[in-house]
4 protein chains.
Amino acid sequence: EHFSSEKYIQIQFADQKQEFNKRPTKIGRRSLSRSISQSSTDSYSSAASYTDSSDDETSPRDKQQKNSKGSSDFCIKNIKQADFGRREIEIAEQEMPALMALRKRAQGEKPLAGAKIVGCTHITAQTAVLMETLAALGAQCRWAACNIYSTQNEVAAALAEGGMFWIEITVLDIILDDGGDLTHWIYKKYPNMFKKIKGIVEESVTGVHRLYQLSKAGKLCVPAMNVNDSVTKQKFDNLYCCRESILDGLKRTTDVMFGGKQVVVCGYGEVGKGCCAALKAMGSIVYVTEIDPICALQACMDGFRLVKLNEVIRQVDIVITCTGNKNVVVREYLDRMKNGCIVCNMGHSNTEIDVASLRTPELTWERVRSQVDHVIWPDGKRIVLLAEGRLLNLSCSTVPTFVLSITATTQALALIELYNAPEGRYKQDVYLLPKKMDEYVASLHLPTFDAHLTELTDEQAKYLGLNKNGPFKPNYYR
Amino acid sequence: EHFSSEKYIQIQFADQKQEFNKRPTKIGRRSLSRSISQSSTDSYSSAASYTDSSDDETSPRDKQQKNSKGSSDFCIKNIKQADFGRREIEIAEQEMPALMALRKRAQGEKPLAGAKIVGCTHITAQTAVLMETLAALGAQCRWAACNIYSTQNEVAAALAEGGMFWIEITVLDIILDDGGDLTHWIYKKYPNMFKKIKGIVEESVTGVHRLYQLSKAGKLCVPAMNVNDSVTKQKFDNLYCCRESILDGLKRTTDVMFGGKQVVVCGYGEVGKGCCAALKAMGSIVYVTEIDPICALQACMDGFRLVKLNEVIRQVDIVITCTGNKNVVVREYLDRMKNGCIVCNMGHSNTEIDVASLRTPELTWERVRSQVDHVIWPDGKRIVLLAEGRLLNLSCSTVPTFVLSITATTQALALIELYNAPEGRYKQDVYLLPKKMDEYVASLHLPTFDAHLTELTDEQAKYLGLNKNGPFKPNYYR
Amino acid sequence: EHFSSEKYIQIQFADQKQEFNKRPTKIGRRSLSRSISQSSTDSYSSAASYTDSSDDETSPRDKQQKNSKGSSDFCIKNIKQADFGRREIEIAEQEMPALMALRKRAQGEKPLAGAKIVGCTHITAQTAVLMETLAALGAQCRWAACNIYSTQNEVAAALAEGGMFWIEITVLDIILDDGGDLTHWIYKKYPNMFKKIKGIVEESVTGVHRLYQLSKAGKLCVPAMNVNDSVTKQKFDNLYCCRESILDGLKRTTDVMFGGKQVVVCGYGEVGKGCCAALKAMGSIVYVTEIDPICALQACMDGFRLVKLNEVIRQVDIVITCTGNKNVVVREYLDRMKNGCIVCNMGHSNTEIDVASLRTPELTWERVRSQVDHVIWPDGKRIVLLAEGRLLNLSCSTVPTFVLSITATTQALALIELYNAPEGRYKQDVYLLPKKMDEYVASLHLPTFDAHLTELTDEQAKYLGLNKNGPFKPNYYR
Amino acid sequence: EHFSSEKYIQIQFADQKQEFNKRPTKIGRRSLSRSISQSSTDSYSSAASYTDSSDDETSPRDKQQKNSKGSSDFCIKNIKQADFGRREIEIAEQEMPALMALRKRAQGEKPLAGAKIVGCTHITAQTAVLMETLAALGAQCRWAACNIYSTQNEVAAALAEGGMFWIEITVLDIILDDGGDLTHWIYKKYPNMFKKIKGIVEESVTGVHRLYQLSKAGKLCVPAMNVNDSVTKQKFDNLYCCRESILDGLKRTTDVMFGGKQVVVCGYGEVGKGCCAALKAMGSIVYVTEIDPICALQACMDGFRLVKLNEVIRQVDIVITCTGNKNVVVREYLDRMKNGCIVCNMGHSNTEIDVASLRTPELTWERVRSQVDHVIWPDGKRIVLLAEGRLLNLSCSTVPTFVLSITATTQALALIELYNAPEGRYKQDVYLLPKKMDEYVASLHLPTFDAHLTELTDEQAKYLGLNKNGPFKPNYYR
């Protein structure tokens, strides 16, 4: 979720095409072509049958396309994929019960009636369900992609075909951002408009970091909601997603057998905890590295040997980084790995493995499958590098829709809260969603599991000093 | 850890014997005799061979005892048990590496030199190691038992024999409390002295709750350290302790086989998470009840059916409460349980199971073993009630010394911090220990596991915006 | 379950008192006194409150006792314990559903009507339920203890009070043996009677081994049922029992925390598999040693590092033997263990740890608790030796009654089969119980779990070539 | 692994082209076209980048192809894929250490020198490694595919390019079969030749079944080795493979999140045990159905609710069959499943789910992805059917090469044993490989895990009555 200047805004603002087009053209084109193979990989599971290779090399900006209603106010790869994208969206809807519940509840009063929302997120079936939910709640939306690598082109086509994106940017109410690019761009381009909006909802580590910096510098002139640090995002998105996607990502790329394999996981935060639990359960022998003594002690109590990377680097079969740090796996370690060692990154951006250090003349790169490179040493030793060190879970596996649903619902509620909050409730600062809303998000996801919540009796509520409807825990609880 | 008026202060303050003696005499004696059988059970594993039944019925207050140095400034059950208690303390020392490390580091400068500390805690081998560590760090201590049920009499004897408890209460510097009784008592009896002390360190939910109430009411006139909510206590004491003690407590009392048993765990906080994980691993089928949707969703994702108690009450073999709430298992549920169902409490105090509702004429109670009652319905159905609804882990199992070591070390560091803090660092408020100290506590426990922490490079520390020595996480992280 | 000459036959054959009395007197007395402390330990959980120390040193043979009906045809420790023993038997009945079901089904026709059975087994609440079931099925029984260490004296008292043991040995039909002692004794003493009996049912490794030797030597003149190798005994008794008793045994003796501990388990048969699974689940880091490459490969695939003992002996916290072999942990390894290392045996007899090698002058032994010795090296290093190297699960933990129920039911069915088999079905050989009976034993235990078996349709049975009522698997399947 | 008349023999016997061509032409062509999409799916992970769709509809038999040495004595899809297939074989070699070790050991004496082997197996990278190992051991081979669905065409090309297949069928020594088709065909076509061969090695359930039938009928005139029932195949191939492939197969086809899902697994044999363990570890709630009380009791002790299918069919999210039976999931159950329920088969052939019953007019089939059909009820309910009820692990996931290596090595050793056995060691019967060879196979796989086996001392071997080099267990042990 690192911010990348290579991104390409897909569904542009009507009056701003010029600016958008000028900026990233050259880089955009290159990265676009690179993204094609990847995107076809990503969508294997979701869209394996579709491959229209004829226009791979044409930029969306150079094409003229119309949807079935005659509108051409969009910029996507291929409008013809709309039907296929629609099916993907429908499949996603089934795993996003909370957003569908919001739609149903909003049939009477529409909490976002009249709201003009501009969003910049990954364009996937899941975010499409979010967008269309916002529309169902009364909002007018306009959207851009925050990352071309993750864009599902067929979904973008379905959205464009849906034709809901007709607001003018000058009447913007709220920004929904992922990474902070859109916020930054509006802040720079339309400083006046920026002051008039009701707020920003941001879900990424990077975007939140930038908001806090703005705030510290006294330059944040609207309220902002930090969705990233909500308990539902931290505990569900990271822990439970990664528990499943580490297995999926490794299998799809390498078919490796987990049983008996020696694995070192760098970092024992939520992501590392998820990876370690899954691999241990599958019969791998897992070592952990940590810098934080508290997480280190948790690793020990959970049954993992806590080591320094150099202690096990010669013997492990798989190296997984989950630190959020940079240069965790450097050339020195890569040189000492054994033949066939798999190296991948589940953490942050593409910084954790020093991939650049492998681009030296004596090493040979061989692309053996999509997303899989063999890097070959002069003595014949091969390292199996996945996704060129980028995020394995985004590049090589799917993310469970249900878990994404939790974050998407949090975003929707944050938008509703900002749009409807009485004057003065939120100042020019960064806020966490109130605990009670976290709890509401969670409660909307329980019916999926046919889960039955217990209610406090009056007597119990009084004894605990709680309201029967929550919040049940202090804000800092997680 | 609920406060009970039945408690009995063991090692009294020199000039206050009268007051102490007057207050709880009658109740004290009754509860004392009840505690004898229990304490002999508790100490089974630690002291099974010792039983001096001759003086069971005599209150410590009615006895005149002297230690080997001729001092009689203590009030304990039997000074003759000192040798045996000393051995128990020595065994505990081996599992409390951090306190022993503090002793070693303090050989030069003594961070508590001159400090007068009055404590009121459980009197066990583990707290004895804490006390003697404080003494080794330079403090003068005087101690009382916060709970007669948990007192290991032989350890009290060893402490009295050690003879370190000779301060006058009027020169008190810091209070180390567990439950808030001592704080309350001094607050009431010596309001002037209370204002002069450097602070209070409190480790229990109840005690912390009382401190916040004092603070809210504007009556807290000294700084207080809330040790209970430190991440090390929450995540280690609760999760990891209960993961082991639920199995131990059930086995020692009932010999029940876990494999295939249907169990309902009420509450999915840290304690419930520990119980569920252990029982699932042993082959039990576990159901969970929850009031908080967030914890409920975690239970679902972790693979447990979330139900209301009445949905499964007829079919389960074991019912375990971990809620912190009251009247979670009421007579209505007890009436519907099947024959042989085991009922116990891992949560809070003795409130969770409505034991009082079982004291009705039509039900017969049969004590089948220590801590185990059969409650028999007119139709012959038997419920197996453990520890009369009090805490199973305190009453019927041992708690791993190593985990207690983490909390004890946190207490020691809190005392050092309060005693050495420059004027003005702490106001008349309740504080959490700084994250960095949590991390220090954790780091002192890593050598036990031969665990090797990774250090940040300068470049990485800069990238992450962190100091290489920590703190590595924000205060709210857990 | 090793054969020991120290055993003491408790409930003697009416006309053979002389012989019995003469043989083991001296040894018997010594071992008896040793067994007292142990037996009181063993029965901690089941009978902690009862201790009648007055007659500890008196041999049962030297006492005259009568039961309430005036009979004195028994030889037990103390008939006064009968009531207490009866309660223990009743508790066991609740966990032995299959035997109780057999009793119910046998109310009409009694499959053992008239059978004279002489048994020699552990005398516990569980075997008592078996004996009384045999009686309910029509048999007349007479019993002896195969091991004084495991005898629950209160249960023996209850059985003697029950007064069912009035057959003459000369009209013996079947032998139920555990270890082969009784078989051997009758074979030697009453060679003529031995030839007339209908058969022998034997459940121990040792006893079965002796039967095969007899058979090989052509000296087995009656059919024998090998219950030990039935699939239910192997897979349930060993795997599931040990999974629970390893945790129980370690906790009761040492209170050790499992989380983060490094453990080496010697042997990865069913017992080792159970130990490893439990400890891994509790957060221990487990290493395995094996001699058999197949079991070794299973250990690898299950996620355990396969090592030689000397590779990890310096670093582990706990050493557990489960090999069935001798001298697995020898002095050389004991010398190199670290301070505080716990050593125990879950495998076979007392041969696996070379305890004798620790009885040298430079080492000090200190009994710190019942069943727990510290062996202290000259430099102060302490090894924690449990049960002096005897079986931890028999000495220091309870065995789940439910699992014992499976073996006991198998024994009962073997007895019925031998007693009712038509002439010629069984020759002078050692037999395994037919698969179908194994399946029947299992089916009798399913109601405990409210488990519902699926039935084959006619079409499916035909497709699979199976009878709808089983057997469902070939005899060799396990 | 069911025998299908649709199979197509790929690499034909030189003098038998006529016969082969005549037989299955029409069926072969149809099934071939169906196999294309599947095979491209199967090889996604291994060969995603290659798609030469130009000749999809041409049968191999209608093509004239030559390898680089000018030979055209083969019948494969496309010789141009040889390079790509070679790379796949090389990758597989790295995970098949035992076969590579056999090659190394055979550099001096070649145990299969001169052996003429005809094989009929799946044609995959893994079997290619086996074939080339046999060649390296001195054998001359000729091969056919046992199943067109599983054939990796690029691997077939690489093998054809390698050009090792030049024996005449009339000088055949041993048959290596998978399913019994080849055996049957030779038995029918060349009865004389059949009598002269040294033996048959068969690895499938079906093939073994047919051999036992031949043997019973007195028609088996050569020795046959039953590789299917070797302990390594049963315990490793089934348990450990399925533990991984159930997760992989479900993810690749449906992206389903496992956490919190309710799953019913029909059958608790080795395959079911693997599926249940994996899903439980990933946070699913798993129910089990069984017909065999022993396996049922194991399921209970392992922590699964044992139910009849109709008890849970309305509530589960996923249904998995692992029974080896037919019509386990019939239309009646399919009618009652909830919307979105996923149905798949991990067991045997395509018989377990009654897919035919879904081919009725009122139900709509929609192919949503490769291997994934939505079957839609009139009310809109959708069932997600995977691989049309065929084996999920063969159709939709990869099988870990390492586990296949175990079986392949067993096959190689069986071939060596049959070829070198002295006259008379094997009669006209079906044999299991001796335990010692199972152990040898396992030992060859240990170095992969850097696993170190312990050796018995002379004293220990004597105590146990074992040879120090094995076998360590009786033949029936598993």
# chains A, B, ... in the order shown; residues from 1 in each chain; ligands from 1
call {"tool": "interface_residues", "arguments": {"of": "chain C", "to": "chain A", "cutoff": "10 Å", "atoms": "only C-alpha atoms", "output": "short mmCIF file (atom, residue, chain, number, x, y, z; two decimals) with N, CA, C and O atoms, in the first residue's frame"}}
result
data_model
loop_
_atom_site.label_atom_id
_atom_site.label_comp_id
_atom_site.auth_asym_id
_atom_site.auth_seq_id
_atom_site.Cartn_x
_atom_site.Cartn_y
_atom_site.Cartn_z
N MET C 257 5.63 -24.45 33.31
CA MET C 257 4.89 -23.78 32.24
C MET C 257 5.32 -24.40 30.90
O MET C 257 6.51 -24.56 30.65
N PHE C 258 4.38 -24.76 30.05
CA PHE C 258 4.73 -25.41 28.80
C PHE C 258 5.15 -24.40 27.72
O PHE C 258 5.99 -24.68 26.88
N GLY C 259 4.52 -23.22 27.74
CA GLY C 259 4.77 -22.22 26.69
C GLY C 259 6.25 -21.91 26.55
O GLY C 259 6.90 -21.54 27.52
N GLY C 260 6.79 -22.07 25.34
CA GLY C 260 8.16 -21.68 25.07
C GLY C 260 9.21 -22.68 25.50
O GLY C 260 10.39 -22.49 25.20
N LYS C 261 8.79 -23.73 26.18
CA LYS C 261 9.78 -24.71 26.66
C LYS C 261 10.31 -25.54 25.49
O LYS C 261 9.57 -25.89 24.59
N GLN C 262 11.57 -25.87 25.54
CA GLN C 262 12.15 -26.78 24.57
C GLN C 262 12.12 -28.20 25.13
O GLN C 262 12.61 -28.45 26.22
N LEU C 279 2.12 -31.13 23.55
CA LEU C 279 3.10 -30.12 23.93
C LEU C 279 3.21 -29.03 22.87
O LEU C 279 3.32 -27.85 23.18
N LYS C 280 3.15 -29.42 21.60
CA LYS C 280 3.17 -28.42 20.53
C LYS C 280 1.97 -27.49 20.67
O LYS C 280 2.09 -26.28 20.55
N ALA C 281 0.82 -28.07 20.95
CA ALA C 281 -0.39 -27.26 21.08
C ALA C 281 -0.30 -26.29 22.25
O ALA C 281 -0.90 -25.22 22.22
N MET C 282 0.45 -26.65 23.27
CA MET C 282 0.59 -25.77 24.43
C MET C 282 1.74 -24.77 24.27
O MET C 282 2.07 -24.07 25.21
N GLY C 283 2.38 -24.74 23.10
CA GLY C 283 3.40 -23.73 22.87
C GLY C 283 4.82 -24.17 23.17
O GLY C 283 5.72 -23.33 23.23
N SER C 284 5.04 -25.45 23.34
CA SER C 284 6.42 -25.92 23.49
C SER C 284 7.06 -26.10 22.12
O SER C 284 6.38 -26.28 21.12
N ILE C 285 8.38 -26.05 22.11
CA ILE C 285 9.14 -26.35 20.90
C ILE C 285 9.65 -27.77 21.06
O ILE C 285 10.40 -28.05 21.99
N VAL C 286 9.21 -28.66 20.18
CA VAL C 286 9.43 -30.09 20.39
C VAL C 286 10.40 -30.67 19.37
O VAL C 286 10.25 -30.44 18.17
N LEU C 297 9.92 -39.96 9.43
CA LEU C 297 9.39 -39.13 8.36
C LEU C 297 8.04 -38.54 8.75
O LEU C 297 7.72 -37.39 8.42
N GLN C 298 7.26 -39.32 9.49
CA GLN C 298 6.01 -38.76 10.01
C GLN C 298 6.28 -37.58 10.93
O GLN C 298 5.60 -36.55 10.84
N ALA C 299 7.26 -37.71 11.79
CA ALA C 299 7.60 -36.60 12.68
C ALA C 299 7.95 -35.36 11.88
O ALA C 299 7.52 -34.25 12.20
N CYS C 300 8.74 -35.54 10.83
CA CYS C 300 9.11 -34.41 9.98
C CYS C 300 7.86 -33.75 9.38
O CYS C 300 7.69 -32.53 9.45
N MET C 301 7.00 -34.56 8.78
CA MET C 301 5.81 -34.02 8.13
C MET C 301 4.87 -33.36 9.13
O MET C 301 4.08 -32.49 8.79
N ASP C 302 4.92 -33.81 10.38
CA ASP C 302 4.07 -33.22 11.41
C ASP C 302 4.69 -31.96 12.01
O ASP C 302 4.10 -31.33 12.90
N GLY C 303 5.89 -31.61 11.56
CA GLY C 303 6.45 -30.33 11.98
C GLY C 303 7.43 -30.39 13.14
O GLY C 303 7.60 -29.41 13.85
N PHE C 304 8.07 -31.53 13.32
CA PHE C 304 9.06 -31.64 14.39
C PHE C 304 10.45 -31.84 13.81
O PHE C 304 10.62 -32.59 12.85
N ARG C 305 11.44 -31.19 14.39
CA ARG C 305 12.82 -31.41 13.99
C ARG C 305 13.25 -32.78 14.48
O ARG C 305 13.13 -33.09 15.66
N LEU C 306 13.76 -33.59 13.57
CA LEU C 306 14.24 -34.91 13.95
C LEU C 306 15.73 -34.83 14.22
O LEU C 306 16.51 -34.51 13.31
#
call {"tool": "select_by_dssp", "arguments": {"residues": "range 260-413 of chain A", "states": "strand (DSSP E)", "output": "ChimeraX atom specification"}}
result
/A:262-266,285-289,305-306,318-321,342-345,364-369,372-376,382-386
call {"tool": "residues_around", "arguments": {"residues": "Ser405 in chain C", "least_positions_apart": "3", "cutoff": "12 Å", "atoms": "only C-alpha atoms", "output": "MDAnalysis selection string"}}
result
(chainID B and resid 257) or (chainID C and resid 92:102 125:130 133 232:233 236:237 241 399:402 408:412 441:442 444:445 448)
call {"tool": "write_last_selection", "arguments": {"atoms": "N, CA, C and O atoms", "output": "compact mmCIF listing (two decimals), in the first residue's frame"}}
result
# COMPACT_ATOMS: atom_id res chain seq x y z
N MET B 257 -11.63 -36.41 30.87
CA MET B 257 -10.95 -36.50 29.58
C MET B 257 -11.44 -35.36 28.70
O MET B 257 -12.63 -35.11 28.60
N ALA C 92 -16.58 -43.77 38.26
CA ALA C 92 -16.00 -44.39 37.08
C ALA C 92 -17.09 -44.94 36.15
O ALA C 92 -16.97 -44.87 34.92
N GLU C 93 -18.15 -45.47 36.74
CA GLU C 93 -19.23 -46.03 35.92
C GLU C 93 -19.78 -45.02 34.93
O GLU C 93 -20.15 -45.36 33.81
N GLN C 94 -19.81 -43.76 35.36
CA GLN C 94 -20.36 -42.73 34.48
C GLN C 94 -19.53 -42.50 33.23
O GLN C 94 -20.02 -42.00 32.23
N GLU C 95 -18.26 -42.83 33.31
CA GLU C 95 -17.38 -42.62 32.15
C GLU C 95 -17.13 -43.93 31.39
O GLU C 95 -16.25 -43.99 30.55
N MET C 96 -17.82 -45.00 31.78
CA MET C 96 -17.62 -46.29 31.11
C MET C 96 -18.94 -46.77 30.52
O MET C 96 -19.48 -47.80 30.93
N PRO C 97 -19.43 -46.02 29.56
CA PRO C 97 -20.79 -46.26 29.07
C PRO C 97 -20.96 -47.62 28.42
O PRO C 97 -22.02 -48.22 28.49
N ALA C 98 -19.89 -48.12 27.80
CA ALA C 98 -20.04 -49.36 27.05
C ALA C 98 -20.28 -50.54 27.99
O ALA C 98 -21.13 -51.39 27.72
N LEU C 99 -19.54 -50.57 29.10
CA LEU C 99 -19.75 -51.67 30.04
C LEU C 99 -21.15 -51.60 30.64
O LEU C 99 -21.82 -52.62 30.81
N MET C 100 -21.59 -50.37 30.94
CA MET C 100 -22.93 -50.23 31.49
C MET C 100 -23.98 -50.66 30.46
O MET C 100 -25.00 -51.27 30.82
N ALA C 101 -23.70 -50.39 29.20
CA ALA C 101 -24.63 -50.82 28.15
C ALA C 101 -24.65 -52.35 28.05
O ALA C 101 -25.71 -52.96 27.89
N LEU C 102 -23.48 -52.96 28.20
CA LEU C 102 -23.43 -54.42 28.19
C LEU C 102 -24.28 -55.00 29.32
O LEU C 102 -25.00 -55.98 29.16
N ALA C 125 -10.66 -48.28 40.18
CA ALA C 125 -12.10 -48.09 40.02
C ALA C 125 -12.55 -48.60 38.66
O ALA C 125 -13.64 -49.16 38.51
N GLN C 126 -11.70 -48.43 37.65
CA GLN C 126 -12.09 -48.82 36.30
C GLN C 126 -12.14 -50.33 36.15
O GLN C 126 -13.08 -50.87 35.57
N THR C 127 -11.12 -51.03 36.67
CA THR C 127 -11.19 -52.48 36.56
C THR C 127 -12.31 -53.03 37.43
O THR C 127 -12.90 -54.06 37.12
N ALA C 128 -12.62 -52.32 38.50
CA ALA C 128 -13.74 -52.75 39.34
C ALA C 128 -15.04 -52.74 38.53
O ALA C 128 -15.87 -53.63 38.66
N VAL C 129 -15.20 -51.70 37.70
CA VAL C 129 -16.41 -51.65 36.87
C VAL C 129 -16.41 -52.84 35.91
O VAL C 129 -17.46 -53.45 35.68
N LEU C 130 -15.25 -53.19 35.39
CA LEU C 130 -15.17 -54.36 34.52
C LEU C 130 -15.58 -55.63 35.27
O LEU C 130 -16.42 -56.40 34.83
N THR C 133 -19.12 -55.83 35.96
CA THR C 133 -19.85 -56.07 34.73
C THR C 133 -19.83 -57.55 34.38
O THR C 133 -20.85 -58.14 34.00
N THR C 232 -8.35 -50.65 18.77
CA THR C 232 -8.87 -49.70 19.76
C THR C 232 -7.87 -49.46 20.87
O THR C 232 -7.73 -48.33 21.35
N LYS C 233 -7.16 -50.50 21.28
CA LYS C 233 -6.17 -50.29 22.34
C LYS C 233 -5.02 -49.43 21.82
O LYS C 233 -4.62 -48.45 22.43
N PHE C 236 -6.37 -45.72 20.68
CA PHE C 236 -7.05 -44.89 21.66
C PHE C 236 -6.27 -44.81 22.97
O PHE C 236 -5.93 -43.75 23.46
N ASP C 237 -5.99 -46.00 23.54
CA ASP C 237 -5.28 -46.05 24.80
C ASP C 237 -3.98 -45.28 24.74
O ASP C 237 -3.66 -44.49 25.61
N CYS C 241 -4.80 -41.17 25.34
CA CYS C 241 -4.46 -41.11 26.76
C CYS C 241 -3.22 -40.26 26.99
O CYS C 241 -3.20 -39.37 27.83
N VAL C 399 -5.44 -41.49 34.42
CA VAL C 399 -5.69 -41.88 33.06
C VAL C 399 -7.18 -41.71 32.82
O VAL C 399 -7.98 -42.08 33.66
N PRO C 400 -7.57 -41.09 31.70
CA PRO C 400 -9.01 -40.87 31.50
C PRO C 400 -9.77 -42.19 31.53
O PRO C 400 -9.47 -43.13 30.79
N THR C 401 -10.75 -42.24 32.39
CA THR C 401 -11.56 -43.45 32.54
C THR C 401 -12.18 -43.86 31.22
O THR C 401 -12.25 -45.05 30.90
N PHE C 402 -12.58 -42.88 30.44
CA PHE C 402 -13.27 -43.20 29.19
C PHE C 402 -12.40 -44.03 28.27
O PHE C 402 -12.86 -44.96 27.61
N ALA C 408 -11.31 -52.06 28.52
CA ALA C 408 -12.07 -52.95 29.40
C ALA C 408 -13.20 -53.63 28.63
O ALA C 408 -13.46 -54.83 28.81
N THR C 409 -13.85 -52.89 27.75
CA THR C 409 -14.94 -53.49 26.97
C THR C 409 -14.39 -54.54 26.02
O THR C 409 -15.01 -55.59 25.81
N THR C 410 -13.24 -54.25 25.45
CA THR C 410 -12.62 -55.24 24.58
C THR C 410 -12.32 -56.52 25.35
O THR C 410 -12.55 -57.63 24.86
N GLN C 411 -11.85 -56.37 26.58
CA GLN C 411 -11.59 -57.55 27.40
C GLN C 411 -12.87 -58.33 27.67
O GLN C 411 -12.90 -59.56 27.55
N ALA C 412 -13.92 -57.61 28.00
CA ALA C 412 -15.19 -58.28 28.29
C ALA C 412 -15.67 -59.06 27.05
O ALA C 412 -16.10 -60.21 27.15
N VAL C 441 -17.02 -52.53 19.89
CA VAL C 441 -16.54 -51.80 21.06
C VAL C 441 -16.60 -50.29 20.79
O VAL C 441 -17.10 -49.52 21.61
N ALA C 442 -16.12 -49.90 19.64
CA ALA C 442 -16.15 -48.47 19.31
C ALA C 442 -17.58 -47.95 19.29
O ALA C 442 -17.89 -46.88 19.83
N LEU C 444 -20.14 -48.88 20.88
CA LEU C 444 -20.73 -48.72 22.21
C LEU C 444 -20.27 -47.43 22.89
O LEU C 444 -20.89 -46.98 23.86
N HIS C 445 -19.20 -46.85 22.41
CA HIS C 445 -18.69 -45.62 23.03
C HIS C 445 -19.16 -44.35 22.34
O HIS C 445 -18.91 -43.24 22.82
N THR C 448 -21.74 -41.59 24.11
CA THR C 448 -21.15 -40.63 25.03
C THR C 448 -20.98 -39.27 24.38
O THR C 448 -21.11 -38.22 25.01
call {"tool": "select_by_dssp", "arguments": {"residues": "range 37-281 of chain D", "states": "alpha helix (DSSP H)", "output": "ChimeraX atom specification"}}
result
/D:37-42,44-47,82-94,97-105,125-136,153-162,181-189,191-196,205-216,231-232,241-254,270-281
call {"tool": "residues_around", "arguments": {"residues": "Cys275 in chain B", "least_positions_apart": "2", "cutoff": "7 Å", "atoms": "only C-alpha atoms", "output": "tab-separated table (two decimals) with N, CA and C atoms, in the first residue's frame"}}
result
chain	number	residue	atom	x	y	z
B	242	CYS	N	-3.97	-18.78	31.47
B	242	CYS	CA	-5.24	-19.50	31.46
B	242	CYS	C	-5.20	-20.64	30.47
B	243	ARG	N	-4.43	-20.49	29.40
B	243	ARG	CA	-4.29	-21.57	28.44
B	243	ARG	C	-3.80	-22.84	29.14
B	246	ILE	N	-6.47	-23.79	32.78
B	246	ILE	CA	-7.79	-24.39	32.61
B	246	ILE	C	-7.66	-25.91	32.53
B	271	VAL	N	-8.83	-14.22	28.72
B	271	VAL	CA	-8.99	-15.46	29.48
B	271	VAL	C	-9.75	-16.50	28.66
B	272	GLY	N	-10.85	-16.08	28.09
B	272	GLY	CA	-11.63	-16.99	27.26
B	272	GLY	C	-10.83	-17.49	26.07
B	273	LYS	N	-10.07	-16.62	25.46
B	273	LYS	CA	-9.25	-17.04	24.32
B	273	LYS	C	-8.26	-18.13	24.74
B	277	ALA	N	-8.49	-21.97	23.25
B	277	ALA	CA	-7.37	-22.49	22.47
B	277	ALA	C	-6.90	-23.82	23.05
B	278	ALA	N	-6.78	-23.87	24.37
B	278	ALA	CA	-6.27	-25.09	25.01
B	278	ALA	C	-7.23	-26.25	24.82
B	279	LEU	N	-8.49	-26.01	25.03
B	279	LEU	CA	-9.46	-27.11	24.95
B	279	LEU	C	-9.64	-27.59	23.53
call {"tool": "closest_residue", "arguments": {"among": "C:Lys104, C:Lys462, C:Arg382, C:Arg142", "to": "Met337 in chain C", "atoms": "only C-alpha atoms"}}
result
C:Arg382
call {"tool": "closest_residue", "arguments": {"among": "A:Gly465, A:Gly269, A:Gly114, A:Pro474", "to": "Val288 in chain A", "atoms": "only C-alpha atoms"}}
result
A:Gly269
